[in-house]
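Below: the structure, in structure tokens.
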Amino acid sequence: MAAAVGTDPLTLADLLRVASDPDFDRWRDQVRRTGGCSDPIHLSGQTVTRDRRTGDILYAYSTAAEPGGRLRIACGNRRASRCPSCAWTYAGDTYHLIRAGITGDETKDVPVTVREHPRVFATLTAPSFGPVHNRPASGRCRCTATHQDTDPLLGTALDPDRYDYAGAVLWNNYAGQLWQRFTIYLRREIAARAGVTQKALKESCRVSFGKVAEFQKRGAVHFHTVVRLDGPDGPDTPPPWWASVGLLHDAIRAAAGRVAVTVPASGDFPARTLGWGVQVDVQTIGGLGHEELTEQAVASYVAKYATKAAETTGTADRRIGEFAELDKLHLPAHTRRLIEACWALDDAYPDRLLAHWSHMLGFRGHFSTKSRAYSTTLGALRQVRADYRAAQERRERGLPDPDDASSEDSTLVLAHWTYAGHGHTPGESWLAATIARALKEDRELAREIRAELDAEGEW
């Protein structure tokens, strides 16, 4: 409890209440099973496992005996700002999904031969909407100052009155369409460089990708993507002879330069054409120049941003229901102007739902996506984890495997669950955060030990 010194009296009193409750040990076990989730879902109900032949009850469970009559399960939120524990799990799943598409993983139905396919890591950025405080190679910003990494001025407009805030949020809003058109043009550019028709391209080559969106400090989205060339049936088939990393480099840059989305004029806002910024970075996975871009580094980089949204700009991590709420939020001036631009544009472009997505600075797309043949799915990874936990519980309870056709003791599970709330009390939140930190430290220690064993060849 010593670590709790400094908490407010309400939290401290509630913490003592929870810790002295007779059901505290069981509550702690539940929270540990959620990974220290900061906003768990509460369920009430029961489950009964019966023998199909005899109808005998093999196992029965009810939340009536649980603390508060509830079972707590992880919220599953991917945002690190909302639930660090569940975001860590999401990032881990994303890491394995992206890495399997780069290195191959037979357990995830991706052959290891994809290592021999052309693969690159590309970054597509937004154009400039006006000069901002930055850290150029010279080290000195246009404002003549030298900014540190933590300087809150970084990414903010040098001259807010001349910055194109409307263009910035519209660009974010249409980023999904820009990406869609990029994938279309990319296939066309690949076909043109290979000297084949688009129909012939479909019959000989498939373009696969996995991507994640990241917000820059100026509040503009950009995309990091792994692009891979496969044979016509995906990763199981080799790409055609003409497929190369160099061709992919050139095709990506050309496709990005061709993309254009026209936004019609409306009200006081003029028509404009949106496109990608001139900074298109394409790197070969496995090494480029003097810096090696390893497969693991790419997967880690993508996973890192899969759990972040626009929080790097200081915006809210929840929807803003009405404009008046802005006065209750502590927002940086640059971020507030971007949100205000969303609300100002909402009447002119009602179909774009800009006010609805103003907490995301207009962006309404998915943060991580992949093409069908790139790799496994997040759903499949979650199912593997769920099946593993279910098998553990069956072994602990001495129950037969219901999927084992040879088992004579096949079972029937009857369950009824109802939603009973979510979240923690103040004291529970403090304790859950402590549990989450301990679990994280244990995982990091295990990772370090495994890395050492791998290096020594003993794993």
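Every chain in the structure tokens has a letter given in the order shown (A, B, ...), and although residue numbers restart at 1 in each chain, ligands are simply numbered from 1 in the order shown.
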
Query raised in the report: DSSP on the backbone: what in region 19-100 of chain A comes out alpha helix (DSSP H), as a PyMOL selection string?
Result: chain A and resi 19-20+24-33+84-100

Query raised in the report: Quick one: residues within 7 Å of region 28-43 of chain A, only C-alpha atoms counted, chain neighbours fewer than 4 positions away excluded, as a PyMOL selection string?
Result: chain A and resi 24+70-75+83+85-86+417-424+429+432-433+435-436

**Report entry** Contacts of region 174-176 of chain A within 10 Å, only C-alpha atoms, excl. fewer than 2 positions in-chain, as an MDAnalysis selection string
**Finding:** chainID A and resid 125:126 169:172 178:182 213 220:223 261:263 274:276 352 362:367

Query raised in the report: Using only C-alpha atoms, which residue out of A:Ala145, A:Ala348, A:Ile339, A:Val302 lies closest to Ile320 (chain A)?
Result: A:Ile339

Report task. Do a neighbour search on region 205-208 of chain A at 6 Å with only C-alpha atoms, toss out local chain neighbours closer than 5 positions, and write the hits as a ChimeraX atom specification. Result -> /A:227-232,239,371,374

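Considering only C-alpha atoms, the residue among A:Glu311, A:Asp164, A:Asp105, A:Glu189 positioned nearest to Val259 (chain A) is A:Glu189.
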
Query raised in the report: Taking the backbone alone, and naming residues the way the document does, which bits of region 227-277 of chain A are strand (DSSP E or B) by DSSP, as an MDAnalysis selection string?
Result: chainID A and resid 227:231 234 261:263 266 269 272:274

Set out as JSON lines a contact list for region 29-146 of chain A and region 243-258 of chain A with a cut-off of 9 Å, giving each residue of region 29-146 of chain A that qualifies its closest atom pair and distance in Å to one decimal, counting only C-alpha atoms, ordered by chain and rising residue number.
```
{"residue": "A:His117", "atom": "CA", "partner": "A:Ser244", "partner_atom": "CA", "distance": 8.1}
{"residue": "A:Pro118", "atom": "CA", "partner": "A:Val245", "partner_atom": "CA", "distance": 5.0}
{"residue": "A:Arg119", "atom": "CA", "partner": "A:Val245", "partner_atom": "CA", "distance": 6.5}
{"residue": "A:Val120", "atom": "CA", "partner": "A:Val245", "partner_atom": "CA", "distance": 7.0}
{"residue": "A:Ala122", "atom": "CA", "partner": "A:Ile252", "partner_atom": "CA", "distance": 8.1}
{"residue": "A:Leu124", "atom": "CA", "partner": "A:Ala256", "partner_atom": "CA", "distance": 7.7}
```

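The coordinates place CA of Thr103 (chain A) at 6.9 Å from CA of Glu295 (chain A).
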
**Report entry** Close residues, Asp347 (chain A) itself excluded, 12 Å, only C-alpha atoms, min 3 positions apart in chain, as number ranges by chain
**Finding:** A: 266-269, 341-344, 350-356

Report summary line: From the list A:Gly55, A:Gly210, A:Pro9, A:Gly167, the nearest residue to Thr377 (chain A) using only C-alpha atoms is A:Gly210

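Pairwise distance (CA of Thr123 (chain A), CA of Asp281 (chain A)) equals 5.1 Å.
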
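The environment of Pro136 (chain A) within 10 Å, counting only C-alpha atoms and disregarding residues fewer than 5 places along the same chain, consists of Cys141, Arg142, Thr146 and His147 of chain A.
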
Requested in this report: Skip Arg318 (chain A) itself and residues of its chain fewer than 4 positions away, then list as a PyMOL selection string all residues within 10 Å of it, counting only C-alpha atoms.
Outcome: chain A and resi 82+357-360
